[in-house]
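Heads up, structure_3.cif below (mmCIF, C-alpha atoms and all ligand atoms):
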data_model
#
loop_
_atom_site.label_atom_id
_atom_site.label_comp_id
_atom_site.auth_asym_id
_atom_site.auth_seq_id
_atom_site.Cartn_x
_atom_site.Cartn_y
_atom_site.Cartn_z
CA MET K 1 8.33 25.94 17.46
CA LYS K 2 6.27 28.16 19.80
CA LYS K 3 4.37 26.35 22.60
CA GLN K 4 1.06 27.62 21.20
CA ASP K 5 1.84 26.19 17.72
CA MET K 6 2.94 22.91 19.28
CA ASN K 7 -0.37 22.62 21.14
CA ARG K 8 -2.21 23.29 17.90
CA ASP K 9 -0.26 20.44 16.24
CA TRP K 10 -1.18 17.99 19.00
CA ILE K 11 -4.83 19.01 18.83
CA ALA K 12 -4.81 18.48 15.05
CA THR K 13 -3.23 15.05 15.52
CA ALA K 14 -5.86 14.04 18.09
CA LYS K 15 -8.63 15.28 15.79
CA THR K 16 -7.24 13.28 12.85
CA LEU K 17 -7.19 10.14 14.99
CA ASN K 18 -10.71 10.83 16.19
CA GLN K 19 -11.98 11.30 12.65
CA ALA K 20 -10.28 8.11 11.50
CA LEU K 21 -12.49 5.94 13.76
CA PRO K 22 -15.28 5.20 11.22
CA TYR K 23 -12.65 4.25 8.61
CA MET K 24 -10.83 2.02 11.07
CA GLN K 25 -14.15 0.33 11.86
CA ARG K 26 -14.91 -0.07 8.17
CA TYR K 27 -11.57 -1.70 7.43
CA ALA K 28 -11.32 -3.89 10.55
CA GLY K 29 -10.64 -7.42 9.29
CA ALA K 30 -10.33 -6.20 5.68
CA ILE K 31 -7.68 -7.49 3.30
CA VAL K 32 -5.75 -4.69 1.60
CA VAL K 33 -3.20 -5.59 -1.07
CA ILE K 34 -0.60 -2.90 -1.67
CA LYS K 35 1.61 -2.90 -4.77
CA LEU K 36 4.74 -0.93 -4.03
CA GLY K 37 6.34 0.06 -7.34
CA GLY K 38 10.06 0.52 -7.76
CA HIS K 39 9.62 4.22 -8.44
CA ALA K 40 7.69 4.65 -5.19
CA MET K 41 10.69 3.28 -3.22
CA SER K 42 12.60 6.50 -3.57
CA SER K 43 14.70 6.54 -0.37
CA GLN K 44 15.32 4.85 2.97
CA ASP K 45 13.20 7.53 4.68
CA ALA K 46 10.29 6.88 2.32
CA MET K 47 10.62 3.14 2.97
CA GLU K 48 10.55 3.71 6.75
CA ASP K 49 7.42 5.86 6.43
CA PHE K 50 5.76 3.25 4.26
CA ALA K 51 6.68 0.47 6.71
CA ARG K 52 5.22 2.48 9.60
CA ASP K 53 1.97 2.99 7.72
CA VAL K 54 1.72 -0.75 7.05
CA VAL K 55 2.38 -1.63 10.69
CA LEU K 56 -0.21 0.92 11.78
CA MET K 57 -2.74 -0.56 9.36
CA GLN K 58 -2.22 -3.95 10.88
CA GLN K 59 -2.41 -2.52 14.39
CA VAL K 60 -5.96 -1.27 13.69
CA GLY K 61 -7.12 -4.63 12.34
CA VAL K 62 -6.38 -4.57 8.61
CA ASN K 63 -4.64 -7.57 6.97
CA PRO K 64 -2.07 -5.94 4.68
CA VAL K 65 -0.35 -7.86 1.87
CA ILE K 66 2.56 -6.22 0.06
CA VAL K 67 3.41 -7.14 -3.53
CA HIS K 68 6.39 -5.18 -4.77
CA GLY K 69 8.11 -4.23 -7.98
CA GLY K 70 11.65 -3.00 -8.41
CA GLY K 71 12.04 -2.25 -12.12
CA PRO K 72 14.59 0.57 -11.60
CA MET K 73 16.68 -1.65 -9.29
CA ILE K 74 16.66 -4.44 -11.91
CA ASN K 75 17.73 -1.88 -14.55
CA ASP K 76 20.66 -0.76 -12.36
CA MET K 77 21.90 -4.32 -11.91
CA LEU K 78 21.45 -5.19 -15.60
CA ASP K 79 23.47 -2.05 -16.47
CA ARG K 80 26.23 -3.08 -14.07
CA LEU K 81 26.33 -6.50 -15.69
CA ALA K 82 26.09 -4.99 -19.21
CA ILE K 83 22.96 -7.03 -20.00
CA LYS K 84 20.46 -5.33 -22.30
CA SER K 85 16.68 -5.54 -21.87
CA ASP K 86 13.69 -3.95 -23.62
CA PHE K 87 10.10 -3.27 -22.65
CA VAL K 88 7.01 -4.04 -24.71
CA ASN K 89 3.78 -2.44 -23.43
CA GLY K 90 5.28 -1.96 -19.98
CA LYS K 91 6.62 -5.53 -19.66
CA ARG K 92 10.29 -6.53 -19.75
CA VAL K 93 11.45 -8.87 -22.47
CA THR K 94 13.09 -11.57 -20.32
CA ASP K 95 15.62 -14.24 -21.30
CA GLU K 96 17.54 -16.71 -19.09
CA ALA K 97 20.21 -14.18 -18.14
CA VAL K 98 17.64 -11.48 -17.36
CA VAL K 99 15.38 -13.70 -15.23
CA GLU K 100 18.37 -14.68 -13.12
CA VAL K 101 19.04 -11.01 -12.36
CA VAL K 102 15.33 -10.26 -11.82
CA GLU K 103 15.06 -13.02 -9.20
CA MET K 104 18.28 -11.99 -7.49
CA VAL K 105 17.27 -8.33 -7.28
CA LEU K 106 13.55 -8.74 -6.48
CA ALA K 107 13.43 -11.82 -4.24
CA GLY K 108 16.80 -11.00 -2.71
CA LYS K 109 17.54 -7.33 -2.33
CA VAL K 110 14.23 -5.49 -2.70
CA ASN K 111 12.11 -8.06 -0.86
CA LYS K 112 14.46 -8.04 2.13
CA TRP K 113 14.61 -4.24 2.15
CA ILE K 114 10.84 -4.02 2.59
CA THR K 115 10.55 -6.96 4.99
CA HIS K 116 13.29 -5.63 7.21
CA ALA K 117 11.83 -2.10 7.19
CA ILE K 118 8.46 -3.44 8.42
CA ASN K 119 10.14 -5.56 11.08
CA GLN K 120 12.20 -2.56 12.21
CA GLN K 121 8.95 -0.67 12.83
CA GLY K 122 7.73 -3.40 15.18
CA GLY K 123 5.73 -5.39 12.65
CA ARG K 124 6.21 -9.04 11.69
CA ALA K 125 6.79 -9.45 7.98
CA VAL K 126 7.91 -12.45 6.00
CA GLY K 127 9.36 -12.33 2.48
CA LEU K 128 8.11 -14.67 -0.25
CA SER K 129 7.99 -14.92 -4.00
CA GLY K 130 5.19 -16.37 -6.09
CA LYS K 131 7.27 -19.58 -6.22
CA ASP K 132 6.77 -20.22 -2.49
CA ALA K 133 3.96 -22.57 -1.38
CA ASN K 134 2.59 -22.66 -4.98
CA LEU K 135 1.45 -19.10 -4.49
CA ILE K 136 1.52 -18.12 -8.19
CA THR K 137 1.57 -20.66 -11.02
CA CYS K 138 1.92 -19.04 -14.42
CA ASP K 139 1.31 -19.62 -18.06
CA GLN K 140 3.83 -18.03 -20.34
CA ASP K 141 2.80 -14.56 -21.56
CA VAL K 142 3.19 -13.82 -25.30
CA PRO K 143 6.23 -15.65 -26.76
CA GLU K 144 7.95 -12.35 -27.75
CA LEU K 145 8.39 -11.54 -24.05
CA GLY K 146 10.30 -14.76 -23.34
CA LEU K 147 10.30 -15.85 -19.69
CA VAL K 148 7.41 -13.62 -18.61
CA GLY K 149 4.48 -15.16 -16.78
CA THR K 150 0.76 -14.51 -16.63
CA PRO K 151 -0.69 -15.78 -13.35
CA ALA K 152 -2.99 -18.74 -14.07
CA GLU K 153 -3.52 -20.19 -10.60
CA VAL K 154 -3.02 -18.47 -7.28
CA ASP K 155 -3.10 -20.51 -4.07
CA PRO K 156 -3.67 -18.00 -1.25
CA SER K 157 -3.85 -20.60 1.56
CA LEU K 158 -0.43 -19.67 2.96
CA LEU K 159 -1.50 -16.01 3.07
CA HIS K 160 -4.54 -16.87 5.22
CA THR K 161 -2.26 -18.82 7.57
CA LEU K 162 0.00 -15.78 7.81
CA PHE K 163 -2.96 -13.47 8.59
CA GLU K 164 -3.90 -15.77 11.47
CA ALA K 165 -0.33 -15.57 12.70
CA HIS K 166 -0.45 -11.77 12.54
CA THR K 167 2.31 -11.84 9.93
CA ILE K 168 2.52 -9.53 6.92
CA PRO K 169 3.36 -11.25 3.60
CA VAL K 170 5.76 -9.38 1.32
CA ILE K 171 5.68 -10.93 -2.14
CA ALA K 172 8.21 -10.62 -5.00
CA PRO K 173 6.56 -10.96 -8.44
CA LEU K 174 8.05 -14.21 -9.72
CA GLY K 175 6.10 -17.34 -10.48
CA ALA K 176 6.59 -20.97 -11.38
CA GLY K 177 5.89 -21.96 -14.99
CA ARG K 178 4.10 -25.19 -15.88
CA ASN K 179 7.44 -26.91 -16.52
CA GLY K 180 9.02 -25.69 -13.33
CA GLU K 181 10.76 -22.73 -14.93
CA THR K 182 11.00 -19.35 -13.16
CA LEU K 183 8.95 -16.62 -14.81
CA ASN K 184 9.14 -12.85 -14.39
CA ILE K 185 5.74 -11.29 -13.65
CA ASN K 186 4.98 -7.60 -13.92
CA GLY K 187 4.51 -6.39 -10.32
CA ASP K 188 1.09 -4.89 -11.00
CA THR K 189 -0.13 -8.07 -12.66
CA ALA K 190 1.08 -10.18 -9.73
CA ALA K 191 -0.59 -7.84 -7.21
CA GLY K 192 -3.87 -7.99 -9.13
CA ALA K 193 -3.83 -11.78 -9.25
CA VAL K 194 -3.09 -12.06 -5.52
CA ALA K 195 -5.79 -9.48 -4.70
CA ALA K 196 -8.37 -11.36 -6.80
CA ALA K 197 -7.50 -14.71 -5.19
CA LEU K 198 -7.98 -13.12 -1.77
CA LYS K 199 -11.14 -11.23 -2.90
CA ALA K 200 -9.42 -8.23 -1.32
CA ASP K 201 -11.38 -5.21 -0.15
CA ARG K 202 -8.84 -2.85 -1.69
CA LEU K 203 -5.93 -3.05 -4.10
CA LEU K 204 -3.68 0.00 -3.87
CA LEU K 205 -1.20 0.45 -6.72
CA LEU K 206 1.49 2.85 -5.48
CA THR K 207 3.47 4.56 -8.21
CA ASP K 208 5.29 7.82 -9.01
CA VAL K 209 2.41 9.88 -10.42
CA GLU K 210 -0.73 11.20 -8.72
CA GLY K 211 -2.84 8.66 -10.60
CA VAL K 212 -4.15 8.25 -14.15
CA LYS K 213 -4.07 11.47 -16.15
CA ASP K 214 -6.20 12.47 -19.12
CA ALA K 215 -4.96 13.94 -22.42
CA ALA K 216 -4.72 17.38 -20.77
CA GLY K 217 -2.53 15.93 -18.00
CA LYS K 218 -5.30 16.28 -15.40
CA LEU K 219 -5.81 13.62 -12.73
CA VAL K 220 -8.90 11.45 -13.29
CA THR K 221 -10.20 10.74 -9.76
CA GLU K 222 -12.67 8.01 -10.78
CA LEU K 223 -12.28 5.86 -13.87
CA SER K 224 -14.82 3.55 -15.48
CA PRO K 225 -13.77 0.50 -17.54
CA ASP K 226 -15.01 2.35 -20.68
CA GLN K 227 -12.83 5.36 -19.91
CA ILE K 228 -9.80 3.10 -19.45
CA LYS K 229 -10.44 1.53 -22.85
CA THR K 230 -10.84 4.91 -24.57
CA LEU K 231 -7.75 6.45 -22.93
CA THR K 232 -5.71 3.36 -23.82
CA ASP K 233 -6.92 3.31 -27.45
CA GLU K 234 -6.03 7.00 -27.71
CA GLY K 235 -2.53 6.30 -26.37
CA VAL K 236 -3.09 8.56 -23.33
CA ILE K 237 -2.66 5.59 -21.02
CA ALA K 238 0.76 4.29 -22.11
CA GLY K 239 3.90 2.46 -20.93
CA GLY K 240 3.85 1.35 -17.29
CA MET K 241 0.30 2.68 -16.84
CA ILE K 242 -1.04 -0.03 -19.20
CA PRO K 243 -0.35 -2.99 -16.86
CA LYS K 244 -1.72 -0.93 -13.95
CA THR K 245 -5.06 -0.11 -15.55
CA GLN K 246 -5.41 -3.59 -17.08
CA THR K 247 -4.66 -5.05 -13.65
CA ALA K 248 -7.34 -2.84 -12.12
CA LEU K 249 -9.92 -4.13 -14.61
CA ALA K 250 -8.94 -7.77 -14.10
CA ALA K 251 -8.94 -7.36 -10.31
CA ILE K 252 -12.43 -5.84 -10.29
CA ALA K 253 -13.68 -8.63 -12.58
CA GLY K 254 -12.02 -11.11 -10.20
CA GLY K 255 -13.93 -9.86 -7.14
CA VAL K 256 -11.75 -7.10 -5.68
CA ARG K 257 -14.04 -4.36 -4.35
CA ALA K 258 -12.03 -1.36 -5.53
CA VAL K 259 -8.62 -0.48 -6.93
CA VAL K 260 -6.82 2.83 -6.41
CA ILE K 261 -3.79 3.98 -8.44
CA LEU K 262 -1.98 6.61 -6.36
CA ASP K 263 1.31 8.39 -5.71
CA GLY K 264 3.40 6.29 -3.35
CA ARG K 265 5.93 9.10 -2.95
CA ALA K 266 3.37 11.30 -1.19
CA PRO K 267 3.89 11.09 2.59
CA ASN K 268 1.59 8.54 4.26
CA ALA K 269 -0.23 7.92 0.97
CA VAL K 270 -1.75 4.66 2.20
CA LEU K 271 -3.12 6.14 5.43
CA LEU K 272 -4.52 9.13 3.59
CA GLU K 273 -6.36 6.83 1.20
CA LEU K 274 -7.74 4.39 3.77
CA PHE K 275 -8.38 6.46 6.86
CA THR K 276 -9.36 9.96 5.76
CA ASP K 277 -12.06 11.66 3.69
CA HIS K 278 -9.39 13.04 1.44
CA GLY K 279 -8.89 9.97 -0.74
CA ALA K 280 -6.14 10.16 -3.33
CA GLY K 281 -5.33 9.03 -6.84
CA SER K 282 -7.63 7.32 -9.35
CA LEU K 283 -10.37 5.00 -8.11
CA ILE K 284 -11.60 2.12 -10.28
CA ARG K 285 -14.55 0.05 -9.07
CA THR K 286 -17.36 -2.05 -10.44
CA PRO K 287 -19.83 0.16 -12.31
CA ARG K 288 -22.98 0.66 -10.21
N1 LIG A 1 -2.25 8.41 -18.65
C1 LIG A 1 -1.22 8.31 -17.78
N2 LIG A 1 -1.35 8.83 -16.54
C2 LIG A 1 -0.33 8.75 -15.65
N3 LIG A 1 0.87 8.14 -15.91
C3 LIG A 1 1.05 7.58 -17.11
C4 LIG A 1 0.01 7.63 -18.11
N4 LIG A 1 0.47 6.98 -19.21
C5 LIG A 1 1.72 6.57 -18.94
N5 LIG A 1 2.08 6.91 -17.69
C6 LIG A 1 3.39 6.60 -17.10
O1 LIG A 1 3.27 5.47 -16.24
C7 LIG A 1 4.29 5.59 -15.24
C8 LIG A 1 4.00 4.62 -14.08
O2 LIG A 1 4.37 3.30 -14.48
P1 LIG A 1 5.76 2.64 -13.99
O3 LIG A 1 6.89 3.55 -14.40
O4 LIG A 1 5.77 1.25 -14.48
O5 LIG A 1 5.62 2.73 -12.43
P2 LIG A 1 6.00 1.78 -11.21
O6 LIG A 1 7.48 1.58 -11.25
O7 LIG A 1 5.56 2.57 -10.04
O8 LIG A 1 5.21 0.49 -11.37
C9 LIG A 1 4.21 7.06 -14.89
O9 LIG A 1 5.39 7.53 -14.29
C10 LIG A 1 3.97 7.72 -16.24
O10 LIG A 1 5.20 8.10 -16.84
C1 LIG A 2 7.55 -8.72 -16.71
C2 LIG A 2 8.05 -7.47 -16.03
O1 LIG A 2 8.04 -6.40 -16.61
N1 LIG A 2 8.48 -7.58 -14.77
C3 LIG A 2 8.99 -6.48 -14.01
C4 LIG A 2 9.01 -6.88 -12.55
C5 LIG A 2 9.31 -5.71 -11.64
C6 LIG A 2 8.26 -4.62 -11.68
O2 LIG A 2 7.12 -4.80 -12.10
O3 LIG A 2 8.69 -3.43 -11.15
P1 LIG A 2 7.94 -2.03 -11.06
O4 LIG A 2 6.66 -2.27 -10.36
O5 LIG A 2 8.87 -1.19 -10.29
O6 LIG A 2 7.72 -1.50 -12.47
C7 LIG A 2 10.41 -6.12 -14.49
O7 LIG A 2 11.15 -7.00 -14.92
O8 LIG A 2 10.75 -4.92 -14.38
#
Output the structure of this file as structure tokens.
Ligand SMILES: Nc1ncnc2c1ncn2[C@@H]1O[C@H](COP(=O)(O)OP(=O)(O)O)[C@@H](O)[C@H]1O
Ligand SMILES: CC(=O)N[C@@H](CCC(=O)OP(=O)(O)O)C(=O)O
Amino acid sequence: MKKQDMNRDWIATAKTLNQALPYMQRYAGAIVVIKLGGHAMSSQDAMEDFARDVVLMQQVGVNPVIVHGGGPMINDMLDRLAIKSDFVNGKRVTDEAVVEVVEMVLAGKVNKWITHAINQQGGRAVGLSGKDANLITCDQDVPELGLVGTPAEVDPSLLHTLFEAHTIPVIAPLGAGRNGETLNINGDTAAGAVAAALKADRLLLLTDVEGVKDAAGKLVTELSPDQIKTLTDEGVIAGGMIPKTQTALAAIAGGVRAVVILDGRAPNAVLLELFTDHGAGSLIRTPR
């Protein structure tokens, strides 16, 4: 690169930092829950970038909480073990054999991948599942889904202790059932429940599309609850986007200030959303 171009790059970087100040002030002390979907964890490089963004967020005073998915990683392991599983409205039908694999893959492999990546970037992250410290107690979802949970009670006290200790919680979406059984929770649903219990300032749902698209395939940058209902009834919001939009509605109703569904594969997606004018994805907030 020519010296002149290099200087221009540094100047642009300094300007970006300068312009981020009002956003950093706005989010100082804020709680931001980030749902990292399995499809957004596309490579080790992407994970390192994400981890850096999270550590930077914390460095400027935000309290980040990560709730992750890992659907594709569960599918890979189920394939290797020749165990079949189906989805109904974006949720996995889960029996005893499946839940064992889900816990192994999510609370074991994926959770430690994220936790380690954050720690490697100089942060301090700790891995949990909803079963730790009574974080997420569930009722069973519809019987057809088997061992799938709907969060009924969330105890966020451990999370507040971790914020005070400058530690980033990384949560795998499993919960304890009323009879002590382990239940599989959709990652979006778990993130929404945690965000509501914390009355988070932002819930960011990172996925593998720009955001919610309309029937013409165009990104909808701001979505009202009515629009979500219409697009869902028309079948435009389908599959994995159903739990995301339903989570957004429940989170808003539960006291979360705003939810954004955005592309987690885009470089520095989280920073772009929080600290620049640009914004990204689809914003859902309480109607004003
Ligand atoms: N209206 C819509 N707008 C955008 N994506 C949609 C829509 N309806 C369904 N989808 C699908 O939802 C998927 C995201 O859900 P999912 O695969 O569960 O993601 P993740 O693993 O990130 O949680 C998108 O890749 C897309 O195929
Ligand atoms: C009940 C249910 O569907 N649980 C999900 C949990 C993982 C998840 O949500 O992963 P993504 O965010 O990557 O889709 C599953 O078993 O796939």
### Query
At a cut-off of 9 Å from (2.8, 8.1, -7.2) in the coordinates of the file, what residues are picked up using all atoms listed in the file, written as a ChimeraX atom specification?
/K:37,39-40,205-211,261-266,269,281
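Proximity ranking of K:Asp277, K:Asp5, K:Asp95, K:Glu222 relative to ligand LIG 2 (chain A) places K:Asp95 first, based on all atoms listed in the file.
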### Query
Taking only C-alpha atoms and all ligand atoms into account, which residues are within 8 Å of ligand LIG 2 (chain A), as a PyMOL selection string?
chain K and resi 35-40+68-75+87+90-94+99+102+106+145+148-149+173-174+184-189+207+240
Using 6 Å of padding on each side, determine the axis-aligned box around all atoms of ligand LIG 1 (chain A) present in the file and give its centre and edge lengths in Å to one decimal, as lines of an AutoDock Vina configuration file.
center_x = 2.6
center_y = 4.7
center_z = -14.6
size_x = 21.7
size_y = 20.3
size_z = 21.2
### Query
Out of K:Ile171, K:Leu223, K:Ala152, K:Leu231, which residue has the shortest atom-to-atom distance to ligand LIG 1 (chain A) when counting only C-alpha atoms and all ligand atoms?
K:Leu231
### Query
Residues at most 12 Å from Thr182 in chain K, counting only C-alpha atoms, excluding those fewer than 6 positions away in the same chain, as number ranges by chain?
K: 94-104, 107, 129-132, 136-140, 146-150, 173-176
Could the residues in this selection be saved with C-alpha atoms as a PDB file, in the frame of the given file?
ATOM      1  CA  THR K  94      13.090 -11.570 -20.320  1.00  0.00           C
ATOM      2  CA  ASP K  95      15.620 -14.240 -21.300  1.00  0.00           C
ATOM      3  CA  GLU K  96      17.540 -16.710 -19.090  1.00  0.00           C
ATOM      4  CA  ALA K  97      20.210 -14.180 -18.140  1.00  0.00           C
ATOM      5  CA  VAL K  98      17.640 -11.480 -17.360  1.00  0.00           C
ATOM      6  CA  VAL K  99      15.380 -13.700 -15.230  1.00  0.00           C
ATOM      7  CA  GLU K 100      18.370 -14.680 -13.120  1.00  0.00           C
ATOM      8  CA  VAL K 101      19.040 -11.010 -12.360  1.00  0.00           C
ATOM      9  CA  VAL K 102      15.330 -10.260 -11.820  1.00  0.00           C
ATOM     10  CA  GLU K 103      15.060 -13.020  -9.200  1.00  0.00           C
ATOM     11  CA  MET K 104      18.280 -11.990  -7.490  1.00  0.00           C
ATOM     12  CA  ALA K 107      13.430 -11.820  -4.240  1.00  0.00           C
ATOM     13  CA  SER K 129       7.990 -14.920  -4.000  1.00  0.00           C
ATOM     14  CA  GLY K 130       5.190 -16.370  -6.090  1.00  0.00           C
ATOM     15  CA  LYS K 131       7.270 -19.580  -6.220  1.00  0.00           C
ATOM     16  CA  ASP K 132       6.770 -20.220  -2.490  1.00  0.00           C
ATOM     17  CA  ILE K 136       1.520 -18.120  -8.190  1.00  0.00           C
ATOM     18  CA  THR K 137       1.570 -20.660 -11.020  1.00  0.00           C
ATOM     19  CA  CYS K 138       1.920 -19.040 -14.420  1.00  0.00           C
ATOM     20  CA  ASP K 139       1.310 -19.620 -18.060  1.00  0.00           C
ATOM     21  CA  GLN K 140       3.830 -18.030 -20.340  1.00  0.00           C
ATOM     22  CA  GLY K 146      10.300 -14.760 -23.340  1.00  0.00           C
ATOM     23  CA  LEU K 147      10.300 -15.850 -19.690  1.00  0.00           C
ATOM     24  CA  VAL K 148       7.410 -13.620 -18.610  1.00  0.00           C
ATOM     25  CA  GLY K 149       4.480 -15.160 -16.780  1.00  0.00           C
ATOM     26  CA  THR K 150       0.760 -14.510 -16.630  1.00  0.00           C
ATOM     27  CA  PRO K 173       6.560 -10.960  -8.440  1.00  0.00           C
ATOM     28  CA  LEU K 174       8.050 -14.210  -9.720  1.00  0.00           C
ATOM     29  CA  GLY K 175       6.100 -17.340 -10.480  1.00  0.00           C
ATOM     30  CA  ALA K 176       6.590 -20.970 -11.380  1.00  0.00           C
TER      31      ALA K 176
END
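Between CA of Gly177 in chain K and CA of Asp141 in chain K there is a distance of 10.4 Å.
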### Task
Rounded to one decimal place, report the CA of Arg80 in chain K-CA of Val105 in chain K distance in Å.
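Going from CA of Arg80 in chain K over to CA of Val105 in chain K covers 12.4 Å.
Comparing the minimum interatomic distances between Arg26 in chain K and each of K:Leu274, K:Ala190, K:Leu158, K:Ala172, counting only C-alpha atoms, we find that K:Leu274 sits nearest.
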### Task
Have a look at K:Glu144, K:Asp86, K:Asp214, K:Asp76 and name the one nearest to ligand LIG 1 (chain A); count only C-alpha atoms and all ligand atoms.
K:Asp214
## Note on the structure
Using all atoms listed in the file, the shortest atom-to-atom distance to ligand LIG 1 (chain A) among K:Val126, K:Val67, K:Leu78, K:Leu271 belongs to K:Val67
### Query
With all atoms listed in the file as the atoms that count, which of K:Ala248, K:Met241, K:Ala200, K:Leu272 lies nearest to ligand LIG 1 (chain A)?
K:Met241
### Query
Leaving out Leu198 in chain K and any residue of its chain fewer than 4 positions from it, which residues lie within 12 Å of it when counting all atoms listed in the file, given as a PyMOL selection string?
chain K and resi 30-33+63-65+135+154-160+163+191-194+202-203+251+254-257
### Within 7 Å of file point (0.5, -4.7, 10.9), counting only C-alpha atoms, expressed as a list in words
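Taken together, the residues in range are Val54, Val55, Leu56, Met57, Gln58, Gln59, Pro64, Gly123 and Ile168 of chain K.
Interatomic distance, CA of Pro225 in chain K against atom N2 of ligand LIG 1 (chain A): 15.0 Å.
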#### Entry: Non-local contacts of Gln227 in chain K (12 Å; all atoms listed in the file; under 2 positions in same chain excluded) as a PyMOL selection string
chain K and resi 212-215+220-225+229-234+236-237+245-246+249+282+284+287
### Query
Hey, what's within 8 Å of range 20-25 of chain K if we count only C-alpha atoms and toss same-chain stuff fewer than 5 positions away? As a list of chain:residue names, please?
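The residues that qualify are K:Val60, K:Gly61, K:Leu274, K:Phe275, K:Thr276.
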